>>> print(open('entry.txt').read())   # compact mmCIF, C-alpha atoms
# COMPACT_ATOMS: atom_id res chain seq x y z
CA MET A 1 136.08 102.67 80.95
CA ALA A 2 136.49 105.63 83.35
CA ARG A 3 132.84 106.58 82.84
CA LEU A 4 131.79 103.00 83.58
CA SER A 5 133.91 102.96 86.75
CA LEU A 6 132.38 106.23 87.95
CA LEU A 7 128.90 104.96 87.15
CA LEU A 8 129.59 101.79 89.07
CA VAL A 9 130.76 103.70 92.14
CA LEU A 10 127.65 105.88 92.07
CA VAL A 11 125.38 102.93 91.52
CA LEU A 12 127.01 100.95 94.31
CA GLY A 13 126.39 103.79 96.74
CA ALA A 14 122.75 104.01 95.70
CA LEU A 15 122.35 100.25 95.91
CA LEU A 16 123.69 100.14 99.44
CA ALA A 17 121.32 102.89 100.50
CA VAL A 18 118.39 101.04 99.03
CA VAL A 19 119.25 97.70 100.59
CA LEU A 20 118.71 99.17 103.98
CA VAL A 21 115.09 100.14 103.61
CA ILE A 22 112.28 97.68 103.90
CA VAL A 23 108.82 98.96 104.55
CA ASP A 24 105.51 97.28 105.13
CA GLY A 25 102.34 98.51 106.67
CA ALA A 26 99.25 99.86 105.07
CA GLY A 27 96.88 97.46 106.79
CA SER A 28 94.78 97.95 109.88
CA SER A 29 96.77 98.27 113.07
CA GLU A 30 93.80 97.53 115.28
CA GLY A 31 94.85 95.12 117.98
CA ARG A 32 98.42 95.16 116.67
CA SER A 33 100.00 98.08 118.43
CA ARG A 34 102.01 96.04 120.92
CA THR A 35 105.74 96.55 120.52
CA ARG A 36 107.81 93.49 121.31
CA PRO A 37 110.83 94.20 123.50
CA VAL A 38 114.01 94.15 121.44
CA GLY A 39 115.62 91.72 123.89
CA GLU A 40 112.75 89.26 123.49
CA PRO A 41 113.90 85.99 121.90
CA GLY A 42 113.16 85.80 118.20
CA VAL A 43 112.87 89.53 117.51
CA GLU A 44 116.31 89.89 115.91
CA SER A 45 116.05 86.60 114.03
CA ARG A 46 112.64 87.53 112.59
CA ALA A 47 113.94 90.93 111.49
CA LEU A 48 117.03 89.34 109.93
CA ARG A 49 114.91 86.79 108.06
CA VAL A 50 112.83 89.62 106.62
CA LEU A 51 115.93 91.60 105.65
CA HIS A 52 117.75 88.62 104.10
CA THR A 53 114.66 87.59 102.13
CA TRP A 54 114.24 91.11 100.80
CA ASP A 55 117.94 91.38 99.88
CA ALA A 56 117.72 88.09 97.95
CA GLN A 57 114.62 89.24 96.04
CA ARG A 58 116.36 92.49 95.14
CA ALA A 59 119.48 90.67 93.95
CA ARG A 60 117.31 88.46 91.69
CA ALA A 61 115.57 91.52 90.21
CA TYR A 62 118.95 93.10 89.45
CA ALA A 63 120.35 89.89 87.94
CA ARG A 64 117.34 89.68 85.59
CA GLY A 65 117.26 93.41 84.90
CA ASP A 66 113.62 93.26 86.00
CA GLY A 67 112.38 96.73 86.92
CA ALA A 68 108.84 95.50 87.59
CA ALA A 69 110.07 92.91 90.10
CA LEU A 70 112.23 95.56 91.75
CA SER A 71 109.25 97.95 91.99
CA GLU A 72 107.25 95.29 93.82
CA LEU A 73 109.78 95.38 96.67
CA TYR A 74 108.94 99.00 97.55
CA THR A 75 105.89 100.96 98.60
CA ASP A 76 104.37 103.04 95.82
CA ARG A 77 105.71 106.39 97.05
CA SER A 78 109.12 105.22 98.21
CA ARG A 79 111.86 107.68 97.21
CA THR A 80 114.39 104.96 97.93
CA GLY A 81 112.56 102.65 95.54
CA ALA A 82 112.50 105.32 92.84
CA ALA A 83 116.25 105.81 93.21
CA ASP A 84 116.86 102.05 93.04
CA ARG A 85 114.74 101.73 89.90
CA ALA A 86 116.71 104.57 88.29
CA VAL A 87 119.98 102.77 89.05
CA LEU A 88 118.69 99.51 87.59
CA HIS A 89 117.40 101.36 84.51
CA GLY A 90 120.87 102.89 84.06
CA TYR A 91 122.29 99.39 83.84
CA THR A 92 119.61 97.86 81.64
CA ARG A 93 119.60 100.67 79.06
CA ARG A 94 123.31 99.94 78.54
CA GLY A 95 122.66 96.21 78.25
CA LEU A 96 124.27 95.46 81.62
CA ARG A 97 123.18 93.11 84.42
CA VAL A 98 124.34 93.02 88.04
CA ARG A 99 125.22 89.48 89.10
CA GLY A 100 126.25 87.95 92.39
CA MET A 101 125.02 90.73 94.67
CA THR A 102 125.83 89.53 98.18
CA THR A 103 125.16 91.73 101.19
CA GLN A 104 126.58 91.00 104.64
CA VAL A 105 124.71 92.34 107.65
CA LEU A 106 127.31 93.36 110.22
CA SER A 107 124.86 94.46 112.90
CA VAL A 108 121.16 95.01 113.36
CA VAL A 109 119.25 96.71 116.13
CA VAL A 110 115.49 96.28 116.15
CA LEU A 111 113.97 99.66 117.00
CA THR A 112 110.33 98.69 116.40
CA ASP A 113 108.81 95.26 115.95
CA LEU A 114 105.10 95.19 115.20
CA PRO A 115 103.24 92.57 113.16
CA ARG A 116 103.13 94.83 110.09
CA ARG A 117 105.98 97.28 110.74
CA ILE A 118 109.64 96.77 111.59
CA VAL A 119 112.18 99.54 112.00
CA LEU A 120 115.84 98.55 112.06
CA ARG A 121 119.20 100.21 112.45
CA VAL A 122 121.36 98.14 110.11
CA THR A 123 125.05 98.18 109.35
CA GLU A 124 125.87 96.21 106.23
CA VAL A 125 128.27 96.00 103.34
CA LEU A 126 127.98 94.81 99.76
CA LEU A 127 130.52 91.97 99.68
CA GLN A 128 130.49 91.25 96.00
CA ALA A 129 128.76 92.04 92.77
CA ALA A 130 129.78 92.16 89.14
CA VAL A 131 128.33 93.94 86.16
CA VAL A 132 128.05 91.72 83.09
CA ASP A 133 127.86 93.29 79.63
CA ARG A 134 126.00 92.00 76.56
CA ARG A 135 128.92 89.77 75.61
CA GLY A 136 129.02 88.22 79.07
CA LYS A 137 132.18 90.03 80.12
CA PRO A 138 132.12 90.73 83.89
CA TRP A 139 133.23 94.01 85.41
CA ALA A 140 133.84 93.95 89.17
CA LEU A 141 132.23 96.70 91.18
CA PRO A 142 134.48 98.71 93.50
CA HIS A 143 134.88 97.48 97.07
CA ASP A 144 132.17 98.79 99.33
CA GLN A 145 132.50 100.21 102.82
CA PRO A 146 130.08 99.37 105.63
CA SER A 147 127.29 101.87 106.12
CA THR A 148 124.59 102.24 108.74
CA ARG A 149 121.02 103.17 107.93
CA GLN A 150 117.63 103.13 109.55
CA VAL A 151 115.33 100.85 107.56
CA VAL A 152 111.55 100.96 107.72
CA LEU A 153 109.72 97.80 106.65
CA VAL A 154 105.97 97.56 106.25
CA ARG A 155 103.68 94.72 105.36
CA PRO A 156 100.47 95.97 103.74
CA GLY A 157 99.65 92.52 102.34
CA ASP A 158 101.52 89.25 102.37
CA ARG A 159 105.03 90.63 101.67
CA TRP A 160 107.42 92.99 103.35
CA LEU A 161 108.12 96.16 101.37
CA VAL A 162 110.66 98.95 101.65
CA ALA A 163 109.29 102.40 102.26
CA GLU A 164 112.46 104.42 102.85
CA THR A 165 115.94 104.25 104.28
CA TYR A 166 117.43 107.02 106.36
CA PRO A 167 120.96 107.75 107.54
CA ALA A 168 121.38 106.43 111.08
CA ASP A 169 121.68 109.07 113.78
>>> encode(input="entry.txt", output="structure tokens")
Amino acid sequence: MARLSLLLVLVLGALLAVVLVIVDGAGSSEGRSRTRPVGEPGVESRALRVLHTWDAQRARAYARGDGAALSELYTDRSRTGAADRAVLHGYTRRGLRVRGMTTQVLSVVVLTDLPRRIVLRVTEVLLQAAVVDRRGKPWALPHDQPSTRQVVLVRPGDRWLVAETYPAD
């Protein structure tokens, strides 16, 4: 039980770090280098839509224990993605699933907003999540604390991907 609690604390920290990175952008930037002013209407709402959509896709991958679906949310060389996959694998090899992952964005500052690249400074907190074992018994994860990260999102194709997350300065 103590080992499971420690694992859950470590996993929760890794999960929170991963949530904050969304990267997209391997396509041509020709004609797309204009940065929209952060104060321009719609910039924050577009960035939040991207972030919320990504968070929901990640929560579904965790709930299903689907490493392939999780991998599709990150760029190929994302260290953050590799860490997230390792956390998910730690759960699945023990027959555990993470259910009910709900992340609350407390603040977001759009640092860069290009058609295929968004950089955000995000403060968020994991509100709830439970680990469910093979018998269906839920184990609550420890309460999370808000954390702030810089998140890079790129869009090389038709979806936003996470490249990396970085501690906010």
>>> residues_around(input="entry.txt", residues="A:Arg97", least_positions_apart="6", cutoff="10 Å", atoms="only C-alpha atoms", output="PyMOL selection string")
chain A and resi 61-66+88+91+130-134+136+138
>>> residues_near_point(input="entry.txt", point="(119.4, 104.3, 106.9)", cutoff="6 Å", atoms="all atoms listed in the file", output="NGL selection string")
:A and (20 or 148-151 or 165-168)
>>> atom_distance(input="entry.txt", atom1="atom CA of A:Leu48", atom2="atom CA of A:Val122")
9.8 Å
>>> atom_distance(input="entry.txt", atom1="atom CA of A:Ala86", atom2="atom CA of A:Arg155")
23.6 Å
>>> atom_distance(input="entry.txt", atom1="atom CA of A:Val87", atom2="atom CA of A:Ala47")
26.1 Å
>>> residues_around(input="entry.txt", residues="stretch 71-75 of chain A", least_positions_apart="5", cutoff="6 Å", atoms="all atoms listed in the file", output="count of residues only")
4
>>> residues_around(input="entry.txt", residues="A:Arg46", least_positions_apart="5", cutoff="10 Å", atoms="all atoms listed in the file", output="list in words")
Pro41, Leu51, His52, Val110, Asp113 and Ile118 of chain A
>>> closest_residue(input="entry.txt", among="A:Gln128, A:Ser107, A:Ser147, A:Thr123", to="A:Glu44", atoms="only C-alpha atoms")
A:Ser107
>>> closest_residue(input="entry.txt", among="A:Val125, A:Ser45, A:Arg58, A:Glu164", to="A:His143", atoms="only C-alpha atoms")
A:Val125
>>> residues_near_point(input="entry.txt", point="(134.0, 93.7, 92.9)", cutoff="12 Å", atoms="only C-alpha atoms", output="list in words")
Ser5, Leu8, Val9, Leu12, Val98, Arg99, Gly100, Met101, Thr102, Leu126, Leu127, Gln128, Ala129, Ala130, Val131, Val132, Pro138, Trp139, Ala140, Leu141, Pro142, His143, Asp144 and Gln145 of chain A
>>> build_atoms(input="entry.txt", residues="stretch 126-160 of chain A", atoms="N, CA and C atoms", output="PDB file, in the coordinates of the input")
ATOM      1  N   LEU A 126     128.113  95.618 100.966  1.00  0.00           N
ATOM      2  CA  LEU A 126     127.980  94.810  99.760  1.00  0.00           C
ATOM      3  C   LEU A 126     129.304  94.084  99.563  1.00  0.00           C
ATOM      4  N   LEU A 127     129.287  92.758  99.747  1.00  0.00           N
ATOM      5  CA  LEU A 127     130.520  91.970  99.680  1.00  0.00           C
ATOM      6  C   LEU A 127     131.003  91.787  98.255  1.00  0.00           C
ATOM      7  N   GLN A 128     130.081  91.494  97.378  1.00  0.00           N
ATOM      8  CA  GLN A 128     130.490  91.250  96.000  1.00  0.00           C
ATOM      9  C   GLN A 128     129.339  91.526  95.060  1.00  0.00           C
ATOM     10  N   ALA A 129     129.702  91.865  93.865  1.00  0.00           N
ATOM     11  CA  ALA A 129     128.760  92.040  92.770  1.00  0.00           C
ATOM     12  C   ALA A 129     129.600  92.308  91.531  1.00  0.00           C
ATOM     13  N   ALA A 130     129.095  91.897  90.407  1.00  0.00           N
ATOM     14  CA  ALA A 130     129.780  92.160  89.140  1.00  0.00           C
ATOM     15  C   ALA A 130     128.748  92.615  88.132  1.00  0.00           C
ATOM     16  N   VAL A 131     129.166  93.505  87.269  1.00  0.00           N
ATOM     17  CA  VAL A 131     128.330  93.940  86.160  1.00  0.00           C
ATOM     18  C   VAL A 131     128.757  93.116  84.954  1.00  0.00           C
ATOM     19  N   VAL A 132     127.779  92.547  84.263  1.00  0.00           N
ATOM     20  CA  VAL A 132     128.050  91.720  83.090  1.00  0.00           C
ATOM     21  C   VAL A 132     127.488  92.431  81.868  1.00  0.00           C
ATOM     22  N   ASP A 133     128.325  92.603  80.838  1.00  0.00           N
ATOM     23  CA  ASP A 133     127.860  93.290  79.630  1.00  0.00           C
ATOM     24  C   ASP A 133     127.174  92.304  78.678  1.00  0.00           C
ATOM     25  N   ARG A 134     126.752  92.813  77.531  1.00  0.00           N
ATOM     26  CA  ARG A 134     126.000  92.000  76.560  1.00  0.00           C
ATOM     27  C   ARG A 134     126.778  90.782  76.065  1.00  0.00           C
ATOM     28  N   ARG A 135     128.091  90.889  76.064  1.00  0.00           N
ATOM     29  CA  ARG A 135     128.920  89.770  75.610  1.00  0.00           C
ATOM     30  C   ARG A 135     129.242  88.791  76.733  1.00  0.00           C
ATOM     31  N   GLY A 136     128.756  89.094  77.938  1.00  0.00           N
ATOM     32  CA  GLY A 136     129.020  88.220  79.070  1.00  0.00           C
ATOM     33  C   GLY A 136     130.294  88.543  79.823  1.00  0.00           C
ATOM     34  N   LYS A 137     130.937  89.642  79.448  1.00  0.00           N
ATOM     35  CA  LYS A 137     132.180  90.030  80.120  1.00  0.00           C
ATOM     36  C   LYS A 137     131.836  90.675  81.468  1.00  0.00           C
ATOM     37  N   PRO A 138     132.409  90.150  82.571  1.00  0.00           N
ATOM     38  CA  PRO A 138     132.120  90.730  83.890  1.00  0.00           C
ATOM     39  C   PRO A 138     133.039  91.910  84.212  1.00  0.00           C
ATOM     40  N   TRP A 139     132.486  92.856  84.915  1.00  0.00           N
ATOM     41  CA  TRP A 139     133.230  94.010  85.410  1.00  0.00           C
ATOM     42  C   TRP A 139     132.968  94.069  86.908  1.00  0.00           C
ATOM     43  N   ALA A 140     134.003  93.927  87.710  1.00  0.00           N
ATOM     44  CA  ALA A 140     133.840  93.950  89.170  1.00  0.00           C
ATOM     45  C   ALA A 140     133.457  95.354  89.624  1.00  0.00           C
ATOM     46  N   LEU A 141     132.566  95.415  90.571  1.00  0.00           N
ATOM     47  CA  LEU A 141     132.230  96.700  91.180  1.00  0.00           C
ATOM     48  C   LEU A 141     133.303  97.042  92.213  1.00  0.00           C
ATOM     49  N   PRO A 142     133.487  98.322  92.493  1.00  0.00           N
ATOM     50  CA  PRO A 142     134.480  98.710  93.500  1.00  0.00           C
ATOM     51  C   PRO A 142     134.122  98.131  94.869  1.00  0.00           C
ATOM     52  N   HIS A 143     135.130  97.972  95.710  1.00  0.00           N
ATOM     53  CA  HIS A 143     134.880  97.480  97.070  1.00  0.00           C
ATOM     54  C   HIS A 143     134.034  98.488  97.817  1.00  0.00           C
ATOM     55  N   ASP A 144     133.089  97.972  98.566  1.00  0.00           N
ATOM     56  CA  ASP A 144     132.170  98.790  99.330  1.00  0.00           C
ATOM     57  C   ASP A 144     132.690  98.961 100.750  1.00  0.00           C
ATOM     58  N   GLN A 145     132.222  99.992 101.404  1.00  0.00           N
ATOM     59  CA  GLN A 145     132.500 100.210 102.820  1.00  0.00           C
ATOM     60  C   GLN A 145     131.213 100.018 103.596  1.00  0.00           C
ATOM     61  N   PRO A 146     131.297  99.524 104.824  1.00  0.00           N
ATOM     62  CA  PRO A 146     130.080  99.370 105.630  1.00  0.00           C
ATOM     63  C   PRO A 146     129.380 100.717 105.803  1.00  0.00           C
ATOM     64  N   SER A 147     128.066 100.670 105.831  1.00  0.00           N
ATOM     65  CA  SER A 147     127.290 101.870 106.120  1.00  0.00           C
ATOM     66  C   SER A 147     126.131 101.488 107.026  1.00  0.00           C
ATOM     67  N   THR A 148     125.670 102.471 107.782  1.00  0.00           N
ATOM     68  CA  THR A 148     124.590 102.240 108.740  1.00  0.00           C
ATOM     69  C   THR A 148     123.406 103.109 108.355  1.00  0.00           C
ATOM     70  N   ARG A 149     122.255 102.489 108.304  1.00  0.00           N
ATOM     71  CA  ARG A 149     121.020 103.170 107.930  1.00  0.00           C
ATOM     72  C   ARG A 149     119.885 102.705 108.835  1.00  0.00           C
ATOM     73  N   GLN A 150     118.876 103.546 108.917  1.00  0.00           N
ATOM     74  CA  GLN A 150     117.630 103.130 109.550  1.00  0.00           C
ATOM     75  C   GLN A 150     116.722 102.651 108.421  1.00  0.00           C
ATOM     76  N   VAL A 151     116.151 101.481 108.589  1.00  0.00           N
ATOM     77  CA  VAL A 151     115.330 100.850 107.560  1.00  0.00           C
ATOM     78  C   VAL A 151     113.926 100.671 108.108  1.00  0.00           C
ATOM     79  N   VAL A 152     112.950 101.119 107.337  1.00  0.00           N
ATOM     80  CA  VAL A 152     111.550 100.960 107.720  1.00  0.00           C
ATOM     81  C   VAL A 152     110.932  99.911 106.809  1.00  0.00           C
ATOM     82  N   LEU A 153     110.370  98.870 107.404  1.00  0.00           N
ATOM     83  CA  LEU A 153     109.720  97.800 106.650  1.00  0.00           C
ATOM     84  C   LEU A 153     108.247  97.784 107.004  1.00  0.00           C
ATOM     85  N   VAL A 154     107.411  97.649 106.000  1.00  0.00           N
ATOM     86  CA  VAL A 154     105.970  97.560 106.250  1.00  0.00           C
ATOM     87  C   VAL A 154     105.420  96.358 105.499  1.00  0.00           C
ATOM     88  N   ARG A 155     104.301  95.885 105.978  1.00  0.00           N
ATOM     89  CA  ARG A 155     103.680  94.720 105.360  1.00  0.00           C
ATOM     90  C   ARG A 155     102.191  94.995 105.129  1.00  0.00           C
ATOM     91  N   PRO A 156     101.864  95.660 104.017  1.00  0.00           N
ATOM     92  CA  PRO A 156     100.470  95.970 103.740  1.00  0.00           C
ATOM     93  C   PRO A 156      99.660  94.762 103.297  1.00  0.00           C
ATOM     94  N   GLY A 157     100.315  93.747 102.806  1.00  0.00           N
ATOM     95  CA  GLY A 157      99.650  92.520 102.340  1.00  0.00           C
ATOM     96  C   GLY A 157     100.393  91.323 102.872  1.00  0.00           C
ATOM     97  N   ASP A 158     100.832  90.469 101.959  1.00  0.00           N
ATOM     98  CA  ASP A 158     101.520  89.250 102.370  1.00  0.00           C
ATOM     99  C   ASP A 158     103.036  89.332 102.227  1.00  0.00           C
ATOM    100  N   ARG A 159     103.582  90.484 101.818  1.00  0.00           N
ATOM    101  CA  ARG A 159     105.030  90.630 101.670  1.00  0.00           C
ATOM    102  C   ARG A 159     105.524  91.889 102.359  1.00  0.00           C
ATOM    103  N   TRP A 160     106.766  91.821 102.776  1.00  0.00           N
ATOM    104  CA  TRP A 160     107.420  92.990 103.350  1.00  0.00           C
ATOM    105  C   TRP A 160     107.934  93.878 102.222  1.00  0.00           C
TER     106      TRP A 160
END
